[in-house]
Amino acid sequence: MTELAVYALRSELSRGRRHEEPAPGNRSEFQRDRDRIVHASAFRRLEYKTQVFINHEGDLFRTRLTHSLEVAQIARVLARSLQLNEDLTEAIALAHDLGHTPFGHAGQDELNACMREFSPDSGGFEHNLQSLRVVDELEERYASFNGLNLCFETREGILKHCSLSHAKLLGDVGQRFIDRTQPSLEAQLANLADEIAYNNHDIDDGLRSGLLTLEQMQTVPIFARHYARVMSAWPDLQSRRAVAETIRRMINTLITDVTHTTAARLLQASPSDANAARHCGALVAFSPEIRQEADVLKKFLFENLYRHFQVMRMTNKARRIVRELFSAFVQEPRLLPPDYRHPDEMTQARKISDYIAGMTDRFAIREHHRLFQMGDQL
Ligand code: MG
């Protein structure tokens, strides 16, 4: 392993775990976190959760699992070239979507709306907070504690956004939102790696599905620029390969840009250690030119892919399933498996949202059938 920079987070200086445990013998604290995440049930469920396309729409589309692996891959490359802690950034990347509902953002938005309508005091539903809840409370794998008992640094990295009112309830991991300081550089890297991964794989999946066309993509400068270079070097290249080659180059451009820009900003700010870096503003960034190009791409994907009528039809069905499951369980909690029942109304609603959020796409579809169709299995 390359030597860590002074501002990298060192696992031996971790603020520790919520429940004290003996130090790991053959790996670092952050490696142990990563390993716990990989073994979690919530991690395995990511295989059957939507990124953009519903899991059963095709075998080649990204799921939350392959998305998380791509984020981890990009985050590790960035960490290593900036001499930051690769294990920590990998752990954060692998865990960042653990709290995602079935059906991607549509599922989350609907569950949030259901919780808020149930009670404005419920705090709604937010997938970042839910990811933290999964690793802090919901996983049941250890005899002496709930959750995975991860290090503070991994937990704060998972909590990417958070409202002030939530932050006040979260203790140590919420403090930075109150103090308005940054998370670790490793967390900042995982965050940007997420954006690099989804922007690129959504182009790939969008083209593969036929919802986006190559002509359309050429109105997006960052794609057009790389695609033109590929086609001038290989004029007869078959289009699938040309797309793959273009996306490969785009990812490379983005990673190289973040590395150079961040290295320059680190040099200028020269934080004396990992803690000092939290007070320097966001140091991990794209250059202004690439930031602008990435924003154009994001906007394009939003308008043309995430709002494509075929995606909207799926989104609409997904929202209905989530809403109908939620109302059925709120009206009659005895429809829930016993573990998810609770006498207190607010706790009951939260448990219903945990139950729904934990579902894979296909489980939610089946559960909806079981509750609403006569003659189906129980
Ligand atoms: Mg993500």
# chains A, B, ... in the order shown; residues from 1 in each chain; ligands from 1
$ select_by_dssp --residues "stretch 295-351 of chain A" --states "helix (DSSP H, G or I)" --output "PyMOL selection string"
chain A and resi 295-306+309-331+333-335+338-340+345-351
$ closest_atom_pairs --of "chain A" --to "ligand 1" --cutoff "10 Å" --atoms "only C-alpha atoms and all ligand atoms" --output "Markdown table"
| residue | atom | partner | partner_atom_place_in_ligand_line | distance |
| --- | --- | --- | --- | --- |
| A:Gln51 | CA | ligand 1 | 1 (Mg) | 8.4 |
| A:Arg64 | CA | ligand 1 | 1 (Mg) | 7.4 |
| A:Leu65 | CA | ligand 1 | 1 (Mg) | 9.6 |
| A:His67 | CA | ligand 1 | 1 (Mg) | 6.7 |
| A:Ser68 | CA | ligand 1 | 1 (Mg) | 6.4 |
| A:Leu69 | CA | ligand 1 | 1 (Mg) | 9.9 |
| A:Glu70 | CA | ligand 1 | 1 (Mg) | 9.6 |
| A:Val71 | CA | ligand 1 | 1 (Mg) | 7.4 |
| A:Ala93 | CA | ligand 1 | 1 (Mg) | 8.1 |
| A:Leu94 | CA | ligand 1 | 1 (Mg) | 9.2 |
| A:Ala95 | CA | ligand 1 | 1 (Mg) | 9.3 |
| A:His96 | CA | ligand 1 | 1 (Mg) | 6.3 |
| A:Asp97 | CA | ligand 1 | 1 (Mg) | 5.5 |
| A:Leu98 | CA | ligand 1 | 1 (Mg) | 9.3 |
| A:His100 | CA | ligand 1 | 1 (Mg) | 9.0 |
| A:Gly104 | CA | ligand 1 | 1 (Mg) | 10.0 |
| A:Asn128 | CA | ligand 1 | 1 (Mg) | 9.9 |
| A:Ala190 | CA | ligand 1 | 1 (Mg) | 9.4 |
| A:Asn191 | CA | ligand 1 | 1 (Mg) | 8.2 |
| A:Leu192 | CA | ligand 1 | 1 (Mg) | 9.9 |
| A:Ala193 | CA | ligand 1 | 1 (Mg) | 8.8 |
| A:Asp194 | CA | ligand 1 | 1 (Mg) | 5.2 |
| A:Glu195 | CA | ligand 1 | 1 (Mg) | 7.4 |
| A:Ile196 | CA | ligand 1 | 1 (Mg) | 9.9 |
| A:Ala197 | CA | ligand 1 | 1 (Mg) | 8.1 |
| A:Tyr198 | CA | ligand 1 | 1 (Mg) | 7.0 |
$ closest_residue --among "A:Asn304, A:Phe118, A:Asp202, A:Asn149" --to "A:Gln331" --atoms "only C-alpha atoms"
A:Phe118
$ closest_residue --among "A:Gly281, A:Pro221, A:Pro333, A:Pro343" --to "A:Tyr355" --atoms "only C-alpha atoms"
A:Pro333
$ closest_atom_pairs --of "stretch 288-349 of chain A" --to "stretch 237-257 of chain A" --cutoff "12 Å" --atoms "only C-alpha atoms" --output "CSV"
residue,atom,partner,partner_atom,distance
A:Pro288,CA,A:Asp257,CA,10.1
A:Glu289,CA,A:Asp257,CA,9.8
A:Ile290,CA,A:Leu254,CA,7.5
A:Arg291,CA,A:Leu254,CA,9.4
A:Gln292,CA,A:Leu254,CA,12.0
A:Glu293,CA,A:Leu254,CA,10.2
A:Ala294,CA,A:Leu254,CA,8.8
A:Leu297,CA,A:Met250,CA,11.5
$ write_last_selection --atoms "C-alpha atoms" --output "compact mmCIF listing (two decimals), in the first residue's frame"
# COMPACT_ATOMS: atom_id res chain seq x y z
CA PRO A 288 -14.67 24.45 -13.06
CA GLU A 289 -14.71 23.44 -16.77
CA ILE A 290 -15.36 19.77 -16.05
CA ARG A 291 -17.88 20.66 -13.31
CA GLN A 292 -19.79 22.64 -15.89
CA GLU A 293 -19.69 19.79 -18.43
CA ALA A 294 -20.76 17.27 -15.80
CA LEU A 297 -24.67 15.88 -18.65
$ residues_around --residues "A:Val220" --least-positions-apart "4" --cutoff "10 Å" --atoms "only C-alpha atoms" --output "JSON, numbers by chain"
{"A": [215, 216, 224, 225, 293, 294, 296, 297, 298, 299, 300, 301]}
$ residues_around --residues "A:Gln130" --least-positions-apart "4" --cutoff "7 Å" --atoms "only C-alpha atoms" --output "ChimeraX atom specification"
/A:99,126,134
$ decode --residues "stretch 217-231 of chain A" --atoms "all heavy atoms" --output "compact mmCIF listing (two decimals), in the first residue's frame"
# COMPACT_ATOMS: atom_id res chain seq x y z
N MET A 217 -27.10 11.89 -27.73
CA MET A 217 -25.93 11.98 -26.86
C MET A 217 -24.90 12.96 -27.41
O MET A 217 -24.11 13.52 -26.66
CB MET A 217 -25.27 10.60 -26.69
CG MET A 217 -25.96 9.66 -25.74
SD MET A 217 -26.43 10.40 -24.17
CE MET A 217 -24.89 11.05 -23.55
N GLN A 218 -24.92 13.12 -28.74
CA GLN A 218 -23.92 14.02 -29.32
C GLN A 218 -24.24 15.50 -29.12
O GLN A 218 -23.47 16.36 -29.50
CB GLN A 218 -23.70 13.66 -30.78
CG GLN A 218 -22.85 12.39 -30.81
CD GLN A 218 -22.69 11.83 -32.18
OE1 GLN A 218 -21.89 12.33 -32.97
NE2 GLN A 218 -23.46 10.81 -32.48
N THR A 219 -25.38 15.77 -28.49
CA THR A 219 -25.65 17.16 -28.11
C THR A 219 -25.04 17.47 -26.74
O THR A 219 -25.11 18.58 -26.25
CB THR A 219 -27.18 17.42 -28.02
OG1 THR A 219 -27.71 16.59 -26.97
CG2 THR A 219 -27.88 17.09 -29.33
N VAL A 220 -24.47 16.43 -26.11
CA VAL A 220 -23.87 16.62 -24.78
C VAL A 220 -22.36 16.76 -24.96
O VAL A 220 -21.70 15.79 -25.36
CB VAL A 220 -24.19 15.41 -23.87
CG1 VAL A 220 -23.61 15.61 -22.48
CG2 VAL A 220 -25.69 15.17 -23.81
N PRO A 221 -21.80 17.95 -24.68
CA PRO A 221 -20.40 18.20 -25.05
C PRO A 221 -19.39 17.16 -24.57
O PRO A 221 -18.56 16.71 -25.36
CB PRO A 221 -20.11 19.57 -24.43
CG PRO A 221 -21.45 20.23 -24.33
CD PRO A 221 -22.45 19.14 -24.12
N ILE A 222 -19.48 16.74 -23.32
CA ILE A 222 -18.43 15.82 -22.83
C ILE A 222 -18.50 14.48 -23.58
O ILE A 222 -17.47 13.87 -23.88
CB ILE A 222 -18.48 15.62 -21.29
CG1 ILE A 222 -17.21 14.92 -20.81
CG2 ILE A 222 -19.73 14.88 -20.83
CD1 ILE A 222 -16.99 14.96 -19.31
N PHE A 223 -19.69 14.03 -23.91
CA PHE A 223 -19.83 12.79 -24.67
C PHE A 223 -19.37 13.01 -26.11
O PHE A 223 -18.57 12.25 -26.65
CB PHE A 223 -21.28 12.29 -24.65
CG PHE A 223 -21.46 10.96 -25.34
CD1 PHE A 223 -21.36 9.78 -24.61
CD2 PHE A 223 -21.69 10.88 -26.71
CE1 PHE A 223 -21.51 8.54 -25.23
CE2 PHE A 223 -21.84 9.65 -27.35
CZ PHE A 223 -21.74 8.47 -26.60
N ALA A 224 -19.86 14.10 -26.72
CA ALA A 224 -19.56 14.38 -28.13
C ALA A 224 -18.06 14.45 -28.37
O ALA A 224 -17.53 13.88 -29.32
CB ALA A 224 -20.23 15.69 -28.53
N ARG A 225 -17.35 15.14 -27.47
CA ARG A 225 -15.91 15.32 -27.58
C ARG A 225 -15.18 13.97 -27.58
O ARG A 225 -14.34 13.70 -28.43
CB ARG A 225 -15.49 16.14 -26.36
CG ARG A 225 -14.09 16.63 -26.30
CD ARG A 225 -14.03 17.90 -25.44
NE ARG A 225 -14.57 17.75 -24.09
CZ ARG A 225 -13.88 17.31 -23.03
NH1 ARG A 225 -12.63 16.94 -23.18
NH2 ARG A 225 -14.45 17.24 -21.84
N HIS A 226 -15.52 13.11 -26.63
CA HIS A 226 -14.84 11.81 -26.54
C HIS A 226 -15.26 10.88 -27.69
O HIS A 226 -14.45 10.16 -28.23
CB HIS A 226 -15.10 11.17 -25.18
CG HIS A 226 -14.39 11.86 -24.06
ND1 HIS A 226 -14.93 12.91 -23.37
CD2 HIS A 226 -13.16 11.68 -23.54
CE1 HIS A 226 -14.07 13.32 -22.45
NE2 HIS A 226 -12.98 12.59 -22.53
N TYR A 227 -16.52 10.94 -28.03
CA TYR A 227 -17.03 10.08 -29.11
C TYR A 227 -16.36 10.44 -30.44
O TYR A 227 -15.95 9.56 -31.21
CB TYR A 227 -18.56 10.23 -29.21
CG TYR A 227 -19.19 9.31 -30.22
CD1 TYR A 227 -19.33 7.95 -29.95
CD2 TYR A 227 -19.67 9.80 -31.44
CE1 TYR A 227 -19.93 7.09 -30.87
CE2 TYR A 227 -20.26 8.95 -32.37
CZ TYR A 227 -20.38 7.59 -32.07
OH TYR A 227 -20.97 6.75 -32.99
N ALA A 228 -16.20 11.74 -30.70
CA ALA A 228 -15.58 12.20 -31.95
C ALA A 228 -14.14 11.67 -32.05
O ALA A 228 -13.70 11.23 -33.11
CB ALA A 228 -15.61 13.72 -32.03
N ARG A 229 -13.44 11.70 -30.93
CA ARG A 229 -12.06 11.20 -30.93
C ARG A 229 -12.02 9.71 -31.24
O ARG A 229 -11.17 9.24 -31.99
CB ARG A 229 -11.40 11.46 -29.58
CG ARG A 229 -10.80 12.84 -29.53
CD ARG A 229 -9.99 13.02 -28.27
NE ARG A 229 -10.26 14.35 -27.74
CZ ARG A 229 -10.31 14.67 -26.48
NH1 ARG A 229 -10.12 13.77 -25.55
NH2 ARG A 229 -10.55 15.91 -26.12
N VAL A 230 -12.93 8.97 -30.64
CA VAL A 230 -12.97 7.52 -30.87
C VAL A 230 -13.28 7.25 -32.35
O VAL A 230 -12.60 6.45 -33.00
CB VAL A 230 -14.04 6.84 -29.97
CG1 VAL A 230 -14.24 5.38 -30.35
CG2 VAL A 230 -13.64 6.97 -28.50
N MET A 231 -14.26 7.96 -32.91
CA MET A 231 -14.67 7.69 -34.28
C MET A 231 -13.61 8.14 -35.28
O MET A 231 -13.49 7.57 -36.36
CB MET A 231 -16.03 8.34 -34.59
CG MET A 231 -17.20 7.69 -33.86
SD MET A 231 -17.17 5.88 -33.76
CE MET A 231 -17.77 5.43 -35.38
